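File shown: final_24.cif (mmCIF, C-alpha atoms).
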```
data_protein
loop_
_atom_site.label_atom_id
_atom_site.label_comp_id
_atom_site.auth_asym_id
_atom_site.auth_seq_id
_atom_site.Cartn_x
_atom_site.Cartn_y
_atom_site.Cartn_z
CA SER F 1 -3.15 4.95 12.52
CA GLN F 2 -3.62 1.64 14.22
CA GLN F 3 -5.76 1.86 17.30
CA GLY F 4 -6.20 -1.70 18.43
CA GLU F 5 -3.57 -3.77 20.08
CA GLU F 6 -4.11 -7.48 20.30
CA ASP F 7 -2.41 -9.83 22.65
CA PRO F 8 -0.96 -12.27 22.46
CA GLN F 9 0.64 -11.64 19.09
CA ALA F 10 0.89 -15.38 18.57
CA LEU F 11 -0.87 -18.25 20.27
CA SER F 12 -0.34 -21.97 19.82
CA ILE F 13 -2.77 -24.47 21.36
CA GLN F 14 -3.85 -28.08 21.04
CA GLU F 15 -7.04 -29.01 19.24
CA GLY F 16 -9.96 -29.05 21.66
CA GLU F 17 -8.54 -26.35 23.91
CA ASN F 18 -10.01 -22.88 24.20
CA ALA F 19 -8.26 -19.88 22.67
CA THR F 20 -8.55 -16.41 24.15
CA MET F 21 -7.40 -13.29 22.36
CA ASN F 22 -7.53 -9.79 23.74
CA CYS F 23 -7.80 -6.40 22.11
CA SER F 24 -7.32 -2.93 23.54
CA TYR F 25 -8.21 0.34 21.91
CA LYS F 26 -7.67 4.00 22.64
CA THR F 27 -10.64 6.14 21.63
CA SER F 28 -14.38 5.95 22.14
CA ILE F 29 -16.15 3.57 19.83
CA ASN F 30 -19.58 2.83 18.45
CA ASN F 31 -18.90 -0.84 17.90
CA LEU F 32 -16.08 -3.36 17.82
CA GLN F 33 -15.74 -6.19 15.35
CA TRP F 34 -13.61 -9.28 15.07
CA TYR F 35 -12.33 -10.56 11.74
CA ARG F 36 -10.45 -13.66 10.74
CA GLN F 37 -7.79 -13.91 8.04
CA ASN F 38 -6.42 -17.13 6.62
CA SER F 39 -2.85 -16.85 5.39
CA GLY F 40 -2.62 -14.79 2.20
CA ARG F 41 -6.35 -14.24 2.00
CA GLY F 42 -8.89 -11.52 2.70
CA LEU F 43 -10.67 -11.02 5.98
CA VAL F 44 -13.92 -12.61 7.04
CA HIS F 45 -16.26 -10.87 9.46
CA LEU F 46 -16.90 -12.96 12.57
CA ILE F 47 -18.91 -10.92 15.03
CA LEU F 48 -19.88 -7.34 15.92
CA ILE F 49 -20.51 -6.09 19.44
CA ARG F 50 -22.04 -2.70 20.12
CA SER F 51 -20.60 -0.29 22.64
CA ASN F 52 -23.62 -0.78 24.91
CA GLU F 53 -23.26 -4.57 24.91
CA ARG F 54 -21.01 -6.50 27.27
CA GLU F 55 -21.06 -9.99 25.81
CA LYS F 56 -22.10 -11.71 22.63
CA HIS F 57 -22.10 -15.29 21.43
CA SER F 58 -22.02 -16.84 17.98
CA GLY F 59 -21.52 -20.58 17.77
CA ARG F 60 -18.14 -21.36 19.35
CA LEU F 61 -17.28 -17.67 19.57
CA ARG F 62 -17.76 -15.52 22.64
CA VAL F 63 -16.89 -11.85 22.61
CA THR F 64 -16.77 -9.53 25.59
CA LEU F 65 -16.45 -5.78 25.64
CA ASP F 66 -15.38 -3.59 28.55
CA THR F 67 -15.68 0.04 27.49
CA SER F 68 -14.36 1.28 30.83
CA LYS F 69 -11.09 -0.54 30.18
CA LYS F 70 -11.31 -0.04 26.41
CA SER F 71 -10.76 -3.74 25.84
CA SER F 72 -12.40 -6.73 24.23
CA SER F 73 -11.74 -10.44 24.22
CA LEU F 74 -12.51 -13.18 21.72
CA LEU F 75 -12.87 -16.71 23.02
CA ILE F 76 -12.95 -19.66 20.66
CA THR F 77 -14.10 -22.78 22.44
CA ALA F 78 -13.20 -26.35 21.51
CA SER F 79 -10.74 -25.18 18.91
CA ARG F 80 -10.14 -27.07 15.69
CA ALA F 81 -7.18 -27.18 13.34
CA ALA F 82 -9.32 -25.24 10.86
CA ASP F 83 -9.41 -22.31 13.29
CA THR F 84 -5.74 -21.68 12.53
CA ALA F 85 -5.65 -18.11 11.21
CA SER F 86 -4.95 -14.53 12.23
CA TYR F 87 -7.63 -12.74 14.17
CA PHE F 88 -8.06 -8.98 14.15
CA CYS F 89 -10.22 -6.66 16.13
CA ALA F 90 -11.51 -3.55 14.40
CA THR F 91 -13.15 -0.51 15.87
CA ALA F 92 -15.49 2.10 14.47
CA ARG F 93 -16.04 5.48 16.03
CA ASN F 94 -19.40 5.96 14.46
CA SER F 95 -22.02 3.74 12.92
CA GLY F 96 -22.41 3.80 9.20
CA ASN F 97 -19.91 5.13 6.76
CA THR F 98 -16.67 5.42 8.72
CA PRO F 99 -13.49 3.42 8.16
CA LEU F 100 -12.60 0.60 10.50
CA VAL F 101 -9.31 0.73 12.37
CA PHE F 102 -7.68 -2.66 12.70
CA GLY F 103 -5.48 -3.97 15.47
CA LYS F 104 -2.23 -5.79 14.90
CA GLY F 105 -3.79 -9.22 15.12
CA THR F 106 -3.20 -12.50 16.89
CA ARG F 107 -1.81 -15.43 14.92
CA LEU F 108 -3.52 -18.55 16.21
CA SER F 109 -2.13 -22.01 15.52
CA VAL F 110 -4.28 -24.98 16.49
CA ILE F 111 -2.30 -28.19 16.49
CA ALA F 112 -4.13 -31.41 15.73
CA GLY Q 113 -24.30 -13.33 -0.51
CA ALA Q 114 -21.94 -10.37 0.04
CA VAL Q 115 -19.13 -11.56 -2.20
CA VAL Q 116 -16.28 -9.27 -3.14
CA SER Q 117 -14.09 -10.33 -6.03
CA GLN Q 118 -10.57 -8.97 -6.31
CA HIS Q 119 -8.45 -9.43 -9.40
CA PRO Q 120 -5.70 -10.31 -10.02
CA SER Q 121 -4.77 -12.42 -7.01
CA TRP Q 122 -1.08 -12.25 -7.80
CA VAL Q 123 0.92 -10.03 -10.12
CA ILE Q 124 4.60 -9.72 -10.85
CA CYS Q 125 5.77 -6.68 -12.74
CA LYS Q 126 8.91 -4.83 -13.67
CA SER Q 127 9.92 -1.66 -11.91
CA GLY Q 128 8.44 1.40 -13.59
CA THR Q 129 5.30 -0.27 -14.90
CA SER Q 130 1.76 0.37 -13.70
CA VAL Q 131 -0.52 -2.25 -12.24
CA LYS Q 132 -4.30 -2.09 -11.99
CA ILE Q 133 -6.20 -4.03 -9.34
CA GLU Q 134 -9.96 -4.46 -9.55
CA CYS Q 135 -12.41 -4.84 -6.71
CA ARG Q 136 -15.98 -5.87 -7.53
CA SER Q 137 -18.99 -6.41 -5.33
CA LEU Q 138 -20.73 -9.31 -7.05
CA ASP Q 139 -24.13 -9.42 -5.42
CA PHE Q 140 -24.59 -6.06 -3.76
CA GLN Q 141 -24.06 -2.39 -4.39
CA ALA Q 142 -21.29 -0.55 -2.62
CA THR Q 143 -21.13 3.21 -2.55
CA THR Q 144 -18.04 2.92 -0.41
CA MET Q 145 -15.05 0.65 -0.87
CA PHE Q 146 -11.78 0.66 1.04
CA TRP Q 147 -8.25 -0.13 -0.04
CA TYR Q 148 -5.75 -1.55 2.43
CA ARG Q 149 -2.12 -2.51 2.32
CA GLN Q 150 -0.72 -5.31 4.44
CA PHE Q 151 2.90 -6.25 5.02
CA PRO Q 152 3.82 -9.80 6.11
CA LYS Q 153 2.60 -10.66 9.59
CA GLN Q 154 1.29 -7.14 10.06
CA SER Q 155 -2.12 -5.57 10.28
CA LEU Q 156 -4.08 -3.81 7.57
CA MET Q 157 -3.22 -0.20 6.91
CA LEU Q 158 -6.03 1.82 5.38
CA MET Q 159 -4.80 3.55 2.25
CA ALA Q 160 -7.91 5.25 0.98
CA THR Q 161 -11.68 5.33 0.98
CA SER Q 162 -13.20 5.01 -2.45
CA ASN Q 163 -16.54 6.74 -2.98
CA GLU Q 164 -18.70 6.02 -5.99
CA GLY Q 165 -18.92 9.00 -8.27
CA SER Q 166 -16.50 11.18 -6.35
CA LYS Q 167 -12.84 11.48 -5.49
CA ALA Q 168 -11.23 9.04 -3.13
CA THR Q 169 -10.19 10.10 0.34
CA TYR Q 170 -6.58 9.22 1.00
CA GLU Q 171 -5.01 8.57 4.38
CA GLN Q 172 -2.11 10.68 5.54
CA GLY Q 173 1.13 9.63 3.91
CA VAL Q 174 -0.47 7.87 0.94
CA GLU Q 175 0.43 9.47 -2.38
CA LYS Q 176 -2.70 10.02 -4.41
CA ASP Q 177 -0.73 10.37 -7.63
CA LYS Q 178 1.00 7.08 -6.93
CA PHE Q 179 -2.08 5.10 -6.01
CA LEU Q 180 -4.89 6.09 -8.35
CA ILE Q 181 -8.36 5.07 -7.30
CA ASN Q 182 -11.40 5.07 -9.52
CA HIS Q 183 -14.89 4.11 -8.33
CA ALA Q 184 -16.92 4.52 -11.49
CA SER Q 185 -19.86 2.34 -10.57
CA LEU Q 186 -21.66 0.94 -7.55
CA THR Q 187 -19.95 -2.41 -8.01
CA LEU Q 188 -16.41 -1.60 -9.12
CA SER Q 189 -13.43 0.20 -7.70
CA THR Q 190 -9.94 0.06 -9.15
CA LEU Q 191 -6.55 0.79 -7.64
CA THR Q 192 -3.72 1.57 -10.04
CA VAL Q 193 -0.19 1.50 -8.69
CA THR Q 194 1.64 3.83 -11.05
CA SER Q 195 5.34 3.51 -11.84
CA ALA Q 196 5.67 0.67 -9.38
CA HIS Q 197 8.92 0.16 -7.49
CA PRO Q 198 10.14 -2.75 -5.36
CA GLU Q 199 9.07 -0.94 -2.18
CA ASP Q 200 5.48 -1.05 -3.45
CA SER Q 201 5.58 -4.84 -3.21
CA SER Q 202 2.90 -5.79 -0.74
CA PHE Q 203 -0.48 -7.44 -0.24
CA TYR Q 204 -3.32 -5.13 -1.26
CA ILE Q 205 -6.84 -5.86 -0.03
CA CYS Q 206 -10.11 -4.16 -0.85
CA SER Q 207 -13.33 -4.21 1.09
CA ALA Q 208 -16.84 -2.97 0.48
CA ARG Q 209 -19.93 -2.06 2.45
CA ASP Q 210 -23.38 -3.14 1.33
CA LYS Q 211 -25.46 0.04 0.86
CA GLY Q 212 -28.63 -2.01 0.70
CA LEU Q 213 -28.45 -3.38 4.23
CA ALA Q 214 -30.84 -1.96 6.77
CA GLY Q 215 -29.34 -0.39 9.85
CA ALA Q 216 -26.22 1.65 10.24
CA LEU Q 217 -24.42 -1.12 12.12
CA ALA Q 218 -25.05 -3.61 9.36
CA LYS Q 219 -23.60 -1.09 6.98
CA ASN Q 220 -20.49 -0.90 9.14
CA ILE Q 221 -19.57 -4.52 8.40
CA GLN Q 222 -17.03 -4.81 5.63
CA TYR Q 223 -16.77 -7.60 3.08
CA PHE Q 224 -13.26 -8.28 1.87
CA GLY Q 225 -11.74 -9.39 -1.36
CA ALA Q 226 -9.17 -12.19 -1.31
CA GLY Q 227 -6.31 -9.75 -1.82
CA THR Q 228 -3.69 -9.13 -4.48
CA ARG Q 229 -0.07 -9.95 -3.91
CA LEU Q 230 2.08 -7.50 -5.85
CA SER Q 231 5.74 -8.25 -6.48
CA VAL Q 232 7.76 -5.56 -8.23
CA LEU Q 233 11.09 -6.70 -9.62
#
```
Write out the structure in this file as structure tokens.
Amino acid sequence: SQQGEEDPQALSIQEGENATMNCSYKTSINNLQWYRQNSGRGLVHLILIRSNEREKHSGRLRVTLDTSKKSSSLLITASRAADTASYFCATARNSGNTPLVFGKGTRLSVIA
Amino acid sequence: GAVVSQHPSWVICKSGTSVKIECRSLDFQATTMFWYRQFPKQSLMLMATSNEGSKATYEQGVEKDKFLINHASLTLSTLTVTSAHPEDSSFYICSARDKGLAGALAKNIQYFGAGTRLSVL
């Protein structure tokens, strides 16, 4: 069953603006990951944040995690048209060999 | 590194025929691969976990006789949609974990194939 819920479901911004996507989940987790999917393609892993971490950066990406609220956010700064894609959060209850549970995703459109 | 190849990328078949989809890890070994189904503008629904050398673990509601999974080697898993019907039309995506990576968290990252779009007429 789907655990994560992203909002907004769709987001349209101008190039250069920042894009913020949120994800909520229901059960306890070991880590939370964000993936990106271009239309009709597979997913690409972006960033992983552990349950004992609160914030993580990777290039133009910033991820926060609030385990008390069971929520995470993904911020993409200085967005580019090439950032247009769907973004999914995925949670894992345990480390290692457990399936990921994906949220419903946010469809981001960056207009040049 | 960490490339997963999925083939075919697109298949059209007649109702009643079977379709096999291959998922290969090209530069790493994967004891575990996952098969997902995705409807347009929706999220990924896990169908089954494919374990090398053993039977696949299917999610609730997924017919194991309908979706046959074989994981005969550390680099190949196949999904066969048997007696396909129009309602089986969907986007199927596989993913794999790299067993050689150090650290349980690193092993938790999944590498995805590009997906297979199945259209059943």
(message) Using the chain letters and numbers from this file, what does the PyMOL selection byres ((chain Q and resi 226) around 7) select? Give the answer as an MDAnalysis selection string.
(response) (chainID F and resid 41:42) or (chainID Q and resid 118 205 224:225 227)
Please determine the contact residues of chain F with respect to chain Q at a cut-off of 9 Å, counting all atoms listed in the file, and supply them as a PDB file with C-alpha atoms, keeping the file's coordinate frame.
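Heads up, here's the output in iface-v9.pdb:
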```
ATOM      1  CA  SER F   1      -3.150   4.950  12.520  1.00  0.00           C
ATOM      2  CA  GLN F   2      -3.620   1.640  14.220  1.00  0.00           C
ATOM      3  CA  ASN F  30     -19.580   2.830  18.450  1.00  0.00           C
ATOM      4  CA  ASN F  31     -18.900  -0.840  17.900  1.00  0.00           C
ATOM      5  CA  GLN F  33     -15.740  -6.190  15.350  1.00  0.00           C
ATOM      6  CA  GLY F  40      -2.620 -14.790   2.200  1.00  0.00           C
ATOM      7  CA  ARG F  41      -6.350 -14.240   2.000  1.00  0.00           C
ATOM      8  CA  GLY F  42      -8.890 -11.520   2.700  1.00  0.00           C
ATOM      9  CA  LEU F  43     -10.670 -11.020   5.980  1.00  0.00           C
ATOM     10  CA  VAL F  44     -13.920 -12.610   7.040  1.00  0.00           C
ATOM     11  CA  HIS F  45     -16.260 -10.870   9.460  1.00  0.00           C
ATOM     12  CA  LEU F  48     -19.880  -7.340  15.920  1.00  0.00           C
ATOM     13  CA  ARG F  50     -22.040  -2.700  20.120  1.00  0.00           C
ATOM     14  CA  SER F  86      -4.950 -14.530  12.230  1.00  0.00           C
ATOM     15  CA  PHE F  88      -8.060  -8.980  14.150  1.00  0.00           C
ATOM     16  CA  ALA F  92     -15.490   2.100  14.470  1.00  0.00           C
ATOM     17  CA  ASN F  94     -19.400   5.960  14.460  1.00  0.00           C
ATOM     18  CA  SER F  95     -22.020   3.740  12.920  1.00  0.00           C
ATOM     19  CA  GLY F  96     -22.410   3.800   9.200  1.00  0.00           C
ATOM     20  CA  ASN F  97     -19.910   5.130   6.760  1.00  0.00           C
ATOM     21  CA  THR F  98     -16.670   5.420   8.720  1.00  0.00           C
ATOM     22  CA  PRO F  99     -13.490   3.420   8.160  1.00  0.00           C
ATOM     23  CA  LEU F 100     -12.600   0.600  10.500  1.00  0.00           C
ATOM     24  CA  VAL F 101      -9.310   0.730  12.370  1.00  0.00           C
ATOM     25  CA  PHE F 102      -7.680  -2.660  12.700  1.00  0.00           C
ATOM     26  CA  GLY F 103      -5.480  -3.970  15.470  1.00  0.00           C
ATOM     27  CA  LYS F 104      -2.230  -5.790  14.900  1.00  0.00           C
ATOM     28  CA  GLY F 105      -3.790  -9.220  15.120  1.00  0.00           C
ATOM     29  CA  ARG F 107      -1.810 -15.430  14.920  1.00  0.00           C
TER      30      ARG F 107
END
```
(request) Using CA of Gln141 in chain Q and CA of Leu46 in chain F as the two end points, give the distance in Å to one decimal. (result)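 One can read the CA of Gln141 in chain Q to CA of Leu46 in chain F distance as 21.2 Å.
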(request) List every protein, DNA or RNA residue with an atom no more than 6 Å from (-22.1, -1.8, -6.9) in the file's coordinates, counting all atoms listed in the file, and format the result as a PyMOL selection string. (result) chain Q and resi 137+140-142+185-187
Could you write those residues out with C-alpha atoms, as an mmCIF file, in the frame of the given file?
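Just written: part.cif:
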```
data_model
loop_
_atom_site.group_PDB
_atom_site.id
_atom_site.type_symbol
_atom_site.label_atom_id
_atom_site.label_comp_id
_atom_site.auth_asym_id
_atom_site.auth_seq_id
_atom_site.Cartn_x
_atom_site.Cartn_y
_atom_site.Cartn_z
ATOM 1 C CA SER Q 137 -18.990 -6.410 -5.330
ATOM 2 C CA PHE Q 140 -24.590 -6.060 -3.760
ATOM 3 C CA GLN Q 141 -24.060 -2.390 -4.390
ATOM 4 C CA ALA Q 142 -21.290 -0.550 -2.620
ATOM 5 C CA SER Q 185 -19.860 2.340 -10.570
ATOM 6 C CA LEU Q 186 -21.660 0.940 -7.550
ATOM 7 C CA THR Q 187 -19.950 -2.410 -8.010
#
```
(request) Between CA of Thr20 in chain F and CA of Asn52 in chain F, measure the distance and give it in Å to one decimal. (result)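 A separation of 21.7 Å between them.
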(request) Place a sphere of radius 9 Å on (0.1, -11.2, 21.6) in the file coordinates and name every protein, DNA or RNA residue with an atom inside or on its surface, counting only C-alpha atoms; give the answer as number ranges by chain. (result) F: 5-11, 21-22, 104-107
(message) One number please: CA of Ser127 in chain Q to CA of Ser162 in chain Q, in Å, one decimal.
(response) 25.9 Å
(request) Tell me which protein, DNA and RNA residues are within 10 Å of Ser72 in chain F, counting all atoms listed in the file, leaving out same-chain ones fewer than 4 positions away, and put them as a VMD selection string. (result) chain F and resid 4 6 21 to 25 32 to 34 49 54 to 55 63 to 67 89
(request) Compile the contact shell of Met159 in chain Q as a VMD selection string: residues with an atom at most 9 Å away, counting all atoms listed in the file, same-chain residues fewer than 3 positions apart removed. (result) chain Q and resid 146 to 149 169 to 174 179
